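Enquirer: Sharing a structure here in C-alpha cells format.
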Amino acid sequence: MTEEIVDKPLPSPSGFAEPFWEAGAEGRLLLIRCKSCNESRVPSSEVCPNCLSVDFEWYEASGLGVIYTYGVMHRLYHPAFEQDLPYNLVVVELQEGPHLPGNIIGIENDALRVGMPVQVVWQKYSDISIPRFQATT
Ligand SMILES: [Zn+2]
C-alpha cells in the first residue's frame, strides 16, 4: 500500500505584490498605502478599492492585530490538507486597519475568540514564506 503525498498549493509571487513576499521571507509584513486617498490595504489589488488610484507606496506594518472573524474547517476540500483537519481560517484586523486572512497556529481551535490579540509569524516552505498568526495573550 502506498500513500500519496500531495503538496499544498502555494502562492507564486509575481507582479506588483512581489515586495510583500520578499519582505515576508525576512519576517517583515508590508502593506500598501494609497498615495491619493491615504487608505491602507493588503496587496490584493494594484487598484485602490476606495478611490481607484494605482498610485501607492509600501510601508512596514507592526504585524499586530486582533481576530476579526474565524471558522474551523472540518470538511476536506484539498487532499494536501487532510492531515490538518480540523484547521482554522481567520481574518485578522491588523493594527493599521486592513484585514489579512490566514491561520492561527499554536493554539487549539476551541480557544479561538473574536478580538483575540495576535501577531504575524512567517512559516517558510520550499521557496516562499507564508504569513500566519499566533496569539500574543
Ligand atoms: Zn485610494
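Here, A, B, ... name the chains of the C-alpha cells in the order displayed, residue numbers run from 1 inside each chain, and ligands are numbered from 1 in the same displayed order.
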Please identify all polymer residues within 10 Å of A:Ser62, counting only C-alpha atoms, omitting same-chain residues fewer than 5 positions from it, and present them as a PyMOL selection string.

Expert: chain A and resi 28-31+94-96+119-120

Enquirer: Go ahead and write the residues just picked, all heavy atoms, as a PDB file, in the first residue's frame.

Expert:
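Here's the written file result.pdb:
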```pdb
ATOM      1  N   ARG A  28       9.143  40.322   7.697  1.00  0.00           N
ATOM      2  CA  ARG A  28       8.520  41.652   7.784  1.00  0.00           C
ATOM      3  C   ARG A  28       7.211  41.660   7.002  1.00  0.00           C
ATOM      4  O   ARG A  28       7.111  41.057   5.933  1.00  0.00           O
ATOM      5  CB  ARG A  28       9.463  42.719   7.212  1.00  0.00           C
ATOM      6  CG  ARG A  28      10.799  42.797   7.957  1.00  0.00           C
ATOM      7  CD  ARG A  28      11.698  43.899   7.411  1.00  0.00           C
ATOM      8  NE  ARG A  28      12.001  43.716   5.998  1.00  0.00           N
ATOM      9  CZ  ARG A  28      11.704  44.620   5.052  1.00  0.00           C
ATOM     10  NH1 ARG A  28      11.130  45.759   5.376  1.00  0.00           N
ATOM     11  NH2 ARG A  28      12.006  44.380   3.789  1.00  0.00           N
ATOM     12  N   LEU A  29       6.213  42.365   7.549  1.00  0.00           N
ATOM     13  CA  LEU A  29       4.913  42.471   6.891  1.00  0.00           C
ATOM     14  C   LEU A  29       4.791  43.843   6.240  1.00  0.00           C
ATOM     15  O   LEU A  29       4.838  44.866   6.916  1.00  0.00           O
ATOM     16  CB  LEU A  29       3.783  42.275   7.911  1.00  0.00           C
ATOM     17  CG  LEU A  29       2.360  42.446   7.361  1.00  0.00           C
ATOM     18  CD1 LEU A  29       2.034  41.375   6.327  1.00  0.00           C
ATOM     19  CD2 LEU A  29       1.343  42.438   8.500  1.00  0.00           C
ATOM     20  N   LEU A  30       4.635  43.845   4.922  1.00  0.00           N
ATOM     21  CA  LEU A  30       4.443  45.105   4.200  1.00  0.00           C
ATOM     22  C   LEU A  30       2.986  45.269   3.804  1.00  0.00           C
ATOM     23  O   LEU A  30       2.320  44.305   3.436  1.00  0.00           O
ATOM     24  CB  LEU A  30       5.302  45.145   2.923  1.00  0.00           C
ATOM     25  CG  LEU A  30       6.815  45.167   3.077  1.00  0.00           C
ATOM     26  CD1 LEU A  30       7.458  45.425   1.705  1.00  0.00           C
ATOM     27  CD2 LEU A  30       7.276  46.217   4.078  1.00  0.00           C
ATOM     28  N   LEU A  31       2.515  46.494   3.904  1.00  0.00           N
ATOM     29  CA  LEU A  31       1.174  46.847   3.432  1.00  0.00           C
ATOM     30  C   LEU A  31       1.310  47.968   2.415  1.00  0.00           C
ATOM     31  O   LEU A  31       2.377  48.567   2.264  1.00  0.00           O
ATOM     32  CB  LEU A  31       0.296  47.308   4.601  1.00  0.00           C
ATOM     33  CG  LEU A  31      -0.022  46.255   5.670  1.00  0.00           C
ATOM     34  CD1 LEU A  31      -0.811  46.892   6.807  1.00  0.00           C
ATOM     35  CD2 LEU A  31      -0.776  45.076   5.078  1.00  0.00           C
ATOM     36  N   LEU A  94      -5.677  43.983  11.173  1.00  0.00           N
ATOM     37  CA  LEU A  94      -4.356  44.470  11.548  1.00  0.00           C
ATOM     38  C   LEU A  94      -4.461  45.810  12.260  1.00  0.00           C
ATOM     39  O   LEU A  94      -5.419  46.562  12.054  1.00  0.00           O
ATOM     40  CB  LEU A  94      -3.471  44.600  10.299  1.00  0.00           C
ATOM     41  CG  LEU A  94      -3.200  43.278   9.568  1.00  0.00           C
ATOM     42  CD1 LEU A  94      -2.537  43.544   8.220  1.00  0.00           C
ATOM     43  CD2 LEU A  94      -2.343  42.354  10.423  1.00  0.00           C
ATOM     44  N   GLN A  95      -3.466  46.103  13.082  1.00  0.00           N
ATOM     45  CA  GLN A  95      -3.440  47.367  13.828  1.00  0.00           C
ATOM     46  C   GLN A  95      -3.584  48.570  12.886  1.00  0.00           C
ATOM     47  O   GLN A  95      -4.161  49.592  13.243  1.00  0.00           O
ATOM     48  CB  GLN A  95      -2.104  47.454  14.574  1.00  0.00           C
ATOM     49  CG  GLN A  95      -2.126  48.235  15.844  1.00  0.00           C
ATOM     50  CD  GLN A  95      -0.841  48.015  16.642  1.00  0.00           C
ATOM     51  OE1 GLN A  95       0.257  48.277  16.164  1.00  0.00           O
ATOM     52  NE2 GLN A  95      -1.000  47.529  17.861  1.00  0.00           N
ATOM     53  N   GLU A  96      -3.054  48.427  11.675  1.00  0.00           N
ATOM     54  CA  GLU A  96      -3.087  49.515  10.700  1.00  0.00           C
ATOM     55  C   GLU A  96      -4.430  49.607   9.975  1.00  0.00           C
ATOM     56  O   GLU A  96      -4.625  50.505   9.153  1.00  0.00           O
ATOM     57  CB  GLU A  96      -1.956  49.321   9.681  1.00  0.00           C
ATOM     58  CG  GLU A  96      -0.552  49.491  10.268  1.00  0.00           C
ATOM     59  CD  GLU A  96      -0.069  48.242  11.046  1.00  0.00           C
ATOM     60  OE1 GLU A  96      -0.762  47.199  11.006  1.00  0.00           O
ATOM     61  OE2 GLU A  96       0.993  48.330  11.691  1.00  0.00           O
ATOM     62  N   GLN A 119      -0.229  38.107  16.500  1.00  0.00           N
ATOM     63  CA  GLN A 119       0.856  38.716  15.728  1.00  0.00           C
ATOM     64  C   GLN A 119       1.215  37.794  14.578  1.00  0.00           C
ATOM     65  O   GLN A 119       1.063  36.580  14.663  1.00  0.00           O
ATOM     66  CB  GLN A 119       2.078  38.982  16.602  1.00  0.00           C
ATOM     67  CG  GLN A 119       2.794  37.734  17.074  1.00  0.00           C
ATOM     68  CD  GLN A 119       3.995  38.066  17.949  1.00  0.00           C
ATOM     69  OE1 GLN A 119       3.971  39.022  18.707  1.00  0.00           O
ATOM     70  NE2 GLN A 119       5.026  37.261  17.836  1.00  0.00           N
ATOM     71  N   VAL A 120       1.685  38.398  13.503  1.00  0.00           N
ATOM     72  CA  VAL A 120       2.034  37.616  12.327  1.00  0.00           C
ATOM     73  C   VAL A 120       3.330  36.840  12.570  1.00  0.00           C
ATOM     74  O   VAL A 120       4.246  37.324  13.261  1.00  0.00           O
ATOM     75  CB  VAL A 120       2.145  38.521  11.072  1.00  0.00           C
ATOM     76  CG1 VAL A 120       3.392  39.391  11.130  1.00  0.00           C
ATOM     77  CG2 VAL A 120       2.115  37.704   9.790  1.00  0.00           C
TER      78      VAL A 120
END
```

Enquirer: Neighbouring residues of A:Ile128 were defined as those with any atom within 12 Å, considering only C-alpha atoms; residues of the same chain fewer than 2 positions away were excluded. Please report them as a list in words.

Expert: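 Selected residues are Pro9, Leu10, Pro11, Ser12, Pro13, Glu18, Phe20, Trp21, Glu22, Ala23, Gly24, Ala25, Glu26, Gly27, Trp122, Gln123, Lys124, Tyr125, Ser126, Ile130 and Pro131 of chain A.
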
Enquirer: List all protein, DNA and RNA residues that have at least one atom no more than 12 Å from any atom of ligand 1, counting only C-alpha atoms and all ligand atoms, and write them as a list in words.

Expert: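 Taking only C-alpha atoms and all ligand atoms into account, the residues around ligand 1 at most 12 Å away are Ile32, Arg33, Cys34, Lys35, Ser36, Cys37, Asn38, Glu39, Ser40, Arg41, Ser45, Glu46, Val47, Cys48, Pro49, Asn50, Cys51, Leu52, Ser53, Val54, Asp55, Phe56 and Glu57 of chain A.
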
Enquirer: Give me a file of those residues, with N, CA, C and O atoms, as a PDB file, in the first residue's frame.

Expert:
```
ATOM      1  N   ILE A  32       0.214  48.238   1.756  1.00  0.00           N
ATOM      2  CA  ILE A  32       0.165  49.292   0.741  1.00  0.00           C
ATOM      3  C   ILE A  32      -0.603  50.485   1.289  1.00  0.00           C
ATOM      4  O   ILE A  32      -1.623  50.317   1.958  1.00  0.00           O
ATOM      5  N   ARG A  33      -0.086  51.681   1.004  1.00  0.00           N
ATOM      6  CA  ARG A  33      -0.816  52.911   1.323  1.00  0.00           C
ATOM      7  C   ARG A  33      -1.066  53.643   0.011  1.00  0.00           C
ATOM      8  O   ARG A  33      -0.135  53.897  -0.771  1.00  0.00           O
ATOM      9  N   CYS A  34      -2.331  53.966  -0.219  1.00  0.00           N
ATOM     10  CA  CYS A  34      -2.704  54.703  -1.422  1.00  0.00           C
ATOM     11  C   CYS A  34      -2.161  56.128  -1.313  1.00  0.00           C
ATOM     12  O   CYS A  34      -2.386  56.804  -0.310  1.00  0.00           O
ATOM     13  N   LYS A  35      -1.439  56.591  -2.343  1.00  0.00           N
ATOM     14  CA  LYS A  35      -0.861  57.930  -2.305  1.00  0.00           C
ATOM     15  C   LYS A  35      -1.876  59.000  -2.686  1.00  0.00           C
ATOM     16  O   LYS A  35      -1.615  60.189  -2.557  1.00  0.00           O
ATOM     17  N   SER A  36      -3.053  58.553  -3.132  1.00  0.00           N
ATOM     18  CA  SER A  36      -4.093  59.508  -3.490  1.00  0.00           C
ATOM     19  C   SER A  36      -5.032  59.786  -2.314  1.00  0.00           C
ATOM     20  O   SER A  36      -5.294  60.934  -1.975  1.00  0.00           O
ATOM     21  N   CYS A  37      -5.523  58.721  -1.654  1.00  0.00           N
ATOM     22  CA  CYS A  37      -6.505  58.914  -0.567  1.00  0.00           C
ATOM     23  C   CYS A  37      -5.980  58.452   0.795  1.00  0.00           C
ATOM     24  O   CYS A  37      -6.689  58.555   1.792  1.00  0.00           O
ATOM     25  N   ASN A  38      -4.750  57.920   0.836  1.00  0.00           N
ATOM     26  CA  ASN A  38      -4.099  57.517   2.086  1.00  0.00           C
ATOM     27  C   ASN A  38      -4.676  56.241   2.705  1.00  0.00           C
ATOM     28  O   ASN A  38      -4.323  55.867   3.807  1.00  0.00           O
ATOM     29  N   GLU A  39      -5.597  55.553   2.022  1.00  0.00           N
ATOM     30  CA  GLU A  39      -6.165  54.302   2.534  1.00  0.00           C
ATOM     31  C   GLU A  39      -5.086  53.216   2.538  1.00  0.00           C
ATOM     32  O   GLU A  39      -4.275  53.124   1.636  1.00  0.00           O
ATOM     33  N   SER A  40      -5.111  52.409   3.594  1.00  0.00           N
ATOM     34  CA  SER A  40      -4.152  51.327   3.760  1.00  0.00           C
ATOM     35  C   SER A  40      -4.812  50.011   3.365  1.00  0.00           C
ATOM     36  O   SER A  40      -5.996  49.790   3.633  1.00  0.00           O
ATOM     37  N   ARG A  41      -4.057  49.107   2.715  1.00  0.00           N
ATOM     38  CA  ARG A  41      -4.645  47.831   2.296  1.00  0.00           C
ATOM     39  C   ARG A  41      -3.588  46.751   2.159  1.00  0.00           C
ATOM     40  O   ARG A  41      -2.390  47.036   2.085  1.00  0.00           O
ATOM     41  N   SER A  45      -4.787  43.953  -4.708  1.00  0.00           N
ATOM     42  CA  SER A  45      -5.019  44.600  -5.994  1.00  0.00           C
ATOM     43  C   SER A  45      -4.103  45.806  -6.133  1.00  0.00           C
ATOM     44  O   SER A  45      -3.772  46.460  -5.151  1.00  0.00           O
ATOM     45  N   GLU A  46      -3.721  46.078  -7.379  1.00  0.00           N
ATOM     46  CA  GLU A  46      -2.937  47.281  -7.648  1.00  0.00           C
ATOM     47  C   GLU A  46      -3.803  48.523  -7.557  1.00  0.00           C
ATOM     48  O   GLU A  46      -3.304  49.624  -7.384  1.00  0.00           O
ATOM     49  N   VAL A  47      -5.107  48.338  -7.701  1.00  0.00           N
ATOM     50  CA  VAL A  47      -6.053  49.452  -7.747  1.00  0.00           C
ATOM     51  C   VAL A  47      -6.646  49.685  -6.364  1.00  0.00           C
ATOM     52  O   VAL A  47      -7.105  48.753  -5.708  1.00  0.00           O
ATOM     53  N   CYS A  48      -6.639  50.928  -5.911  1.00  0.00           N
ATOM     54  CA  CYS A  48      -7.231  51.259  -4.624  1.00  0.00           C
ATOM     55  C   CYS A  48      -8.748  51.057  -4.697  1.00  0.00           C
ATOM     56  O   CYS A  48      -9.411  51.649  -5.550  1.00  0.00           O
ATOM     57  N   PRO A  49      -9.309  50.230  -3.800  1.00  0.00           N
ATOM     58  CA  PRO A  49     -10.757  49.998  -3.845  1.00  0.00           C
ATOM     59  C   PRO A  49     -11.550  51.219  -3.380  1.00  0.00           C
ATOM     60  O   PRO A  49     -12.749  51.302  -3.607  1.00  0.00           O
ATOM     61  N   ASN A  50     -10.871  52.182  -2.751  1.00  0.00           N
ATOM     62  CA  ASN A  50     -11.547  53.375  -2.242  1.00  0.00           C
ATOM     63  C   ASN A  50     -11.659  54.473  -3.289  1.00  0.00           C
ATOM     64  O   ASN A  50     -12.699  55.104  -3.430  1.00  0.00           O
ATOM     65  N   CYS A  51     -10.551  54.695  -4.057  1.00  0.00           N
ATOM     66  CA  CYS A  51     -10.568  55.828  -4.998  1.00  0.00           C
ATOM     67  C   CYS A  51     -10.119  55.436  -6.407  1.00  0.00           C
ATOM     68  O   CYS A  51     -10.032  56.282  -7.281  1.00  0.00           O
ATOM     69  N   LEU A  52      -9.790  54.154  -6.605  1.00  0.00           N
ATOM     70  CA  LEU A  52      -9.413  53.603  -7.916  1.00  0.00           C
ATOM     71  C   LEU A  52      -8.046  54.079  -8.417  1.00  0.00           C
ATOM     72  O   LEU A  52      -7.699  53.847  -9.575  1.00  0.00           O
ATOM     73  N   SER A  53      -7.271  54.715  -7.551  1.00  0.00           N
ATOM     74  CA  SER A  53      -5.930  55.143  -7.934  1.00  0.00           C
ATOM     75  C   SER A  53      -4.994  53.930  -7.984  1.00  0.00           C
ATOM     76  O   SER A  53      -5.171  52.960  -7.252  1.00  0.00           O
ATOM     77  N   VAL A  54      -3.987  53.990  -8.860  1.00  0.00           N
ATOM     78  CA  VAL A  54      -2.968  52.938  -8.895  1.00  0.00           C
ATOM     79  C   VAL A  54      -1.644  53.475  -8.338  1.00  0.00           C
ATOM     80  O   VAL A  54      -0.611  52.830  -8.453  1.00  0.00           O
ATOM     81  N   ASP A  55      -1.702  54.658  -7.749  1.00  0.00           N
ATOM     82  CA  ASP A  55      -0.505  55.284  -7.181  1.00  0.00           C
ATOM     83  C   ASP A  55      -0.428  54.896  -5.697  1.00  0.00           C
ATOM     84  O   ASP A  55      -1.258  55.297  -4.887  1.00  0.00           O
ATOM     85  N   PHE A  56       0.571  54.066  -5.352  1.00  0.00           N
ATOM     86  CA  PHE A  56       0.667  53.596  -3.967  1.00  0.00           C
ATOM     87  C   PHE A  56       2.118  53.466  -3.540  1.00  0.00           C
ATOM     88  O   PHE A  56       3.030  53.517  -4.356  1.00  0.00           O
ATOM     89  N   GLU A  57       2.304  53.294  -2.217  1.00  0.00           N
ATOM     90  CA  GLU A  57       3.637  53.048  -1.672  1.00  0.00           C
ATOM     91  C   GLU A  57       3.544  51.904  -0.662  1.00  0.00           C
ATOM     92  O   GLU A  57       2.488  51.668  -0.071  1.00  0.00           O
TER      93      GLU A  57
END
```

Enquirer: Output as a ChimeraX atom specification all residues of chain A that backbone DSSP marks as strand (DSSP E).

Expert: /A:30-34,40-41,56-60,64-73,87-94,99-102,117-124,129-135

Enquirer: Excluding stretch 100-116 of chain A and its own-chain neighbours fewer than 4 positions away, which residues fall within 8 Å of it when counting only C-alpha atoms? Please give them as a compact mmCIF listing (two decimals) with all heavy atoms, in the first residue's frame.

Expert:
```
# COMPACT_ATOMS: atom_id res chain seq x y z
N VAL A 42 -4.07 45.49 2.13
CA VAL A 42 -3.18 44.37 1.82
C VAL A 42 -3.03 44.34 0.29
O VAL A 42 -3.87 44.90 -0.43
CB VAL A 42 -3.75 43.03 2.34
CG1 VAL A 42 -3.83 43.03 3.86
CG2 VAL A 42 -5.11 42.73 1.74
N VAL A 66 -5.97 41.83 15.73
CA VAL A 66 -6.90 41.01 16.51
C VAL A 66 -7.72 40.16 15.55
O VAL A 66 -7.91 40.53 14.38
CB VAL A 66 -7.86 41.87 17.38
CG1 VAL A 66 -7.08 42.65 18.44
CG2 VAL A 66 -8.69 42.80 16.52
N ILE A 67 -8.22 39.03 16.05
CA ILE A 67 -9.08 38.18 15.23
C ILE A 67 -10.38 38.92 14.97
O ILE A 67 -11.09 39.30 15.90
CB ILE A 67 -9.35 36.82 15.91
CG1 ILE A 67 -8.05 36.03 16.05
CG2 ILE A 67 -10.38 36.03 15.10
CD1 ILE A 67 -8.21 34.69 16.77
N TYR A 68 -10.67 39.15 13.70
CA TYR A 68 -11.90 39.84 13.29
C TYR A 68 -13.02 38.82 13.15
O TYR A 68 -14.15 39.05 13.56
CB TYR A 68 -11.64 40.56 11.97
CG TYR A 68 -12.81 41.30 11.42
CD1 TYR A 68 -13.20 42.52 11.95
CD2 TYR A 68 -13.54 40.77 10.35
CE1 TYR A 68 -14.30 43.20 11.43
CE2 TYR A 68 -14.64 41.44 9.83
CZ TYR A 68 -15.01 42.65 10.37
OH TYR A 68 -16.09 43.32 9.87
N THR A 69 -12.72 37.66 12.55
CA THR A 69 -13.66 36.56 12.44
C THR A 69 -12.87 35.29 12.16
O THR A 69 -11.70 35.36 11.78
CB THR A 69 -14.72 36.81 11.35
OG1 THR A 69 -15.74 35.81 11.43
CG2 THR A 69 -14.11 36.77 9.96
N TYR A 70 -13.49 34.14 12.38
CA TYR A 70 -12.80 32.88 12.13
C TYR A 70 -13.81 31.77 11.89
O TYR A 70 -15.00 31.90 12.19
CB TYR A 70 -11.88 32.51 13.30
CG TYR A 70 -12.60 32.13 14.57
CD1 TYR A 70 -12.90 30.80 14.83
CD2 TYR A 70 -13.00 33.10 15.47
CE1 TYR A 70 -13.59 30.44 16.00
CE2 TYR A 70 -13.69 32.76 16.62
CZ TYR A 70 -13.98 31.44 16.89
OH TYR A 70 -14.66 31.10 18.02
N VAL A 72 -13.75 27.13 11.56
CA VAL A 72 -12.97 25.89 11.66
C VAL A 72 -13.46 24.93 10.58
O VAL A 72 -14.66 24.64 10.50
CB VAL A 72 -13.09 25.26 13.06
CG1 VAL A 72 -12.32 23.94 13.12
CG2 VAL A 72 -12.56 26.23 14.13
N TYR A 87 -8.89 22.41 10.72
CA TYR A 87 -7.98 23.56 10.77
C TYR A 87 -8.79 24.86 10.75
O TYR A 87 -9.93 24.88 10.30
CB TYR A 87 -6.97 23.54 9.62
CG TYR A 87 -7.58 23.58 8.23
CD1 TYR A 87 -7.83 24.79 7.60
CD2 TYR A 87 -7.88 22.41 7.55
CE1 TYR A 87 -8.38 24.84 6.34
CE2 TYR A 87 -8.43 22.44 6.28
CZ TYR A 87 -8.68 23.66 5.68
OH TYR A 87 -9.24 23.70 4.44
N ASN A 88 -8.19 25.91 11.28
CA ASN A 88 -8.91 27.19 11.35
C ASN A 88 -8.55 28.10 10.19
O ASN A 88 -7.45 28.02 9.64
CB ASN A 88 -8.64 27.88 12.70
CG ASN A 88 -7.20 28.28 12.86
OD1 ASN A 88 -6.71 29.17 12.17
ND2 ASN A 88 -6.49 27.61 13.76
N LEU A 89 -9.48 28.94 9.85
CA LEU A 89 -9.26 30.04 8.93
C LEU A 89 -9.69 31.30 9.67
O LEU A 89 -10.76 31.32 10.25
CB LEU A 89 -10.09 29.89 7.66
CG LEU A 89 -9.73 28.72 6.74
CD1 LEU A 89 -10.74 28.61 5.61
CD2 LEU A 89 -8.34 28.90 6.18
N VAL A 90 -8.84 32.31 9.65
CA VAL A 90 -9.18 33.54 10.36
C VAL A 90 -9.03 34.74 9.42
O VAL A 90 -8.33 34.67 8.41
CB VAL A 90 -8.27 33.77 11.60
CG1 VAL A 90 -8.39 32.63 12.58
CG2 VAL A 90 -6.83 33.99 11.18
N VAL A 91 -9.71 35.79 9.78
CA VAL A 91 -9.45 37.10 9.18
C VAL A 91 -8.97 37.97 10.34
O VAL A 91 -9.68 38.10 11.34
CB VAL A 91 -10.70 37.70 8.52
CG1 VAL A 91 -10.42 39.12 8.04
CG2 VAL A 91 -11.17 36.82 7.37
N VAL A 92 -7.77 38.50 10.20
CA VAL A 92 -7.20 39.34 11.25
C VAL A 92 -7.33 40.81 10.85
O VAL A 92 -7.01 41.19 9.71
CB VAL A 92 -5.71 38.98 11.48
CG1 VAL A 92 -5.03 40.01 12.37
CG2 VAL A 92 -5.61 37.59 12.11
N GLU A 93 -7.84 41.60 11.79
CA GLU A 93 -7.85 43.04 11.58
C GLU A 93 -6.52 43.57 12.09
O GLU A 93 -6.26 43.56 13.30
CB GLU A 93 -9.01 43.69 12.34
CG GLU A 93 -9.10 45.19 12.08
CD GLU A 93 -10.37 45.78 12.69
OE1 GLU A 93 -10.35 46.03 13.91
OE2 GLU A 93 -11.35 45.96 11.95
N LEU A 94 -5.68 43.98 11.17
CA LEU A 94 -4.36 44.47 11.55
C LEU A 94 -4.46 45.81 12.26
O LEU A 94 -5.42 46.56 12.05
CB LEU A 94 -3.47 44.60 10.30
CG LEU A 94 -3.20 43.28 9.57
CD1 LEU A 94 -2.54 43.54 8.22
CD2 LEU A 94 -2.34 42.35 10.42
N PRO A 131 2.38 34.04 5.56
CA PRO A 131 2.01 34.69 6.82
C PRO A 131 0.93 33.90 7.56
O PRO A 131 -0.08 33.53 6.99
CB PRO A 131 1.46 36.05 6.36
CG PRO A 131 0.98 35.83 4.97
CD PRO A 131 1.85 34.74 4.38
N ARG A 132 1.22 33.62 8.83
CA ARG A 132 0.24 33.01 9.71
C ARG A 132 0.22 33.87 10.97
O ARG A 132 0.95 34.86 11.07
CB ARG A 132 0.63 31.56 10.02
CG ARG A 132 0.86 30.73 8.79
CD ARG A 132 0.30 29.33 8.97
NE ARG A 132 0.71 28.43 7.90
CZ ARG A 132 0.03 28.33 6.75
NH1 ARG A 132 -1.05 29.02 6.55
NH2 ARG A 132 0.46 27.50 5.82
N PHE A 133 -0.57 33.47 11.95
CA PHE A 133 -0.68 34.28 13.16
C PHE A 133 -0.58 33.40 14.40
O PHE A 133 -0.92 32.23 14.36
CB PHE A 133 -2.02 35.04 13.19
CG PHE A 133 -2.16 36.03 12.07
CD1 PHE A 133 -2.76 35.67 10.88
CD2 PHE A 133 -1.66 37.32 12.20
CE1 PHE A 133 -2.89 36.57 9.84
CE2 PHE A 133 -1.78 38.22 11.17
CZ PHE A 133 -2.39 37.85 9.99
N GLN A 134 -0.10 33.99 15.48
CA GLN A 134 -0.16 33.32 16.78
C GLN A 134 -0.66 34.30 17.82
O GLN A 134 -0.46 35.52 17.70
CB GLN A 134 1.19 32.71 17.15
CG GLN A 134 2.30 33.70 17.36
CD GLN A 134 3.63 32.99 17.60
OE1 GLN A 134 3.82 31.83 17.24
NE2 GLN A 134 4.56 33.70 18.20
N ALA A 135 -1.30 33.73 18.84
CA ALA A 135 -1.87 34.56 19.90
C ALA A 135 -0.74 35.21 20.69
O ALA A 135 0.30 34.61 20.92
CB ALA A 135 -2.74 33.71 20.82
N THR A 137 -1.58 36.85 23.67
CA THR A 137 -2.15 36.81 25.03
C THR A 137 -1.91 38.04 25.85
O THR A 137 -0.90 38.67 25.82
CB THR A 137 -1.70 35.58 25.84
OG1 THR A 137 -0.27 35.59 25.96
CG2 THR A 137 -2.18 34.32 25.18
```

Enquirer: Determine which residues of chain A DSSP labels as helix (DSSP H, G or I) from the backbone of this structure, then write them out as an MDAnalysis selection string.

Expert: chainID A and resid 15:25 79:84 109:111

Enquirer: Take atom CA of A:Asp84 and atom CA of A:Val118 and report the distance between them in Å, one decimal.

Expert: 20.6 Å

Enquirer: Separation of atom CA of A:Met73 and atom CA of A:Asp7, in Å?

Expert: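 It comes out at 18.7 Å.
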
Enquirer: Which value, in Å to one decimal, gives the distance between atom CA of A:Glu82 and atom CA of A:Gly65?

Expert: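 Interatomic distance here is 28.6 Å.
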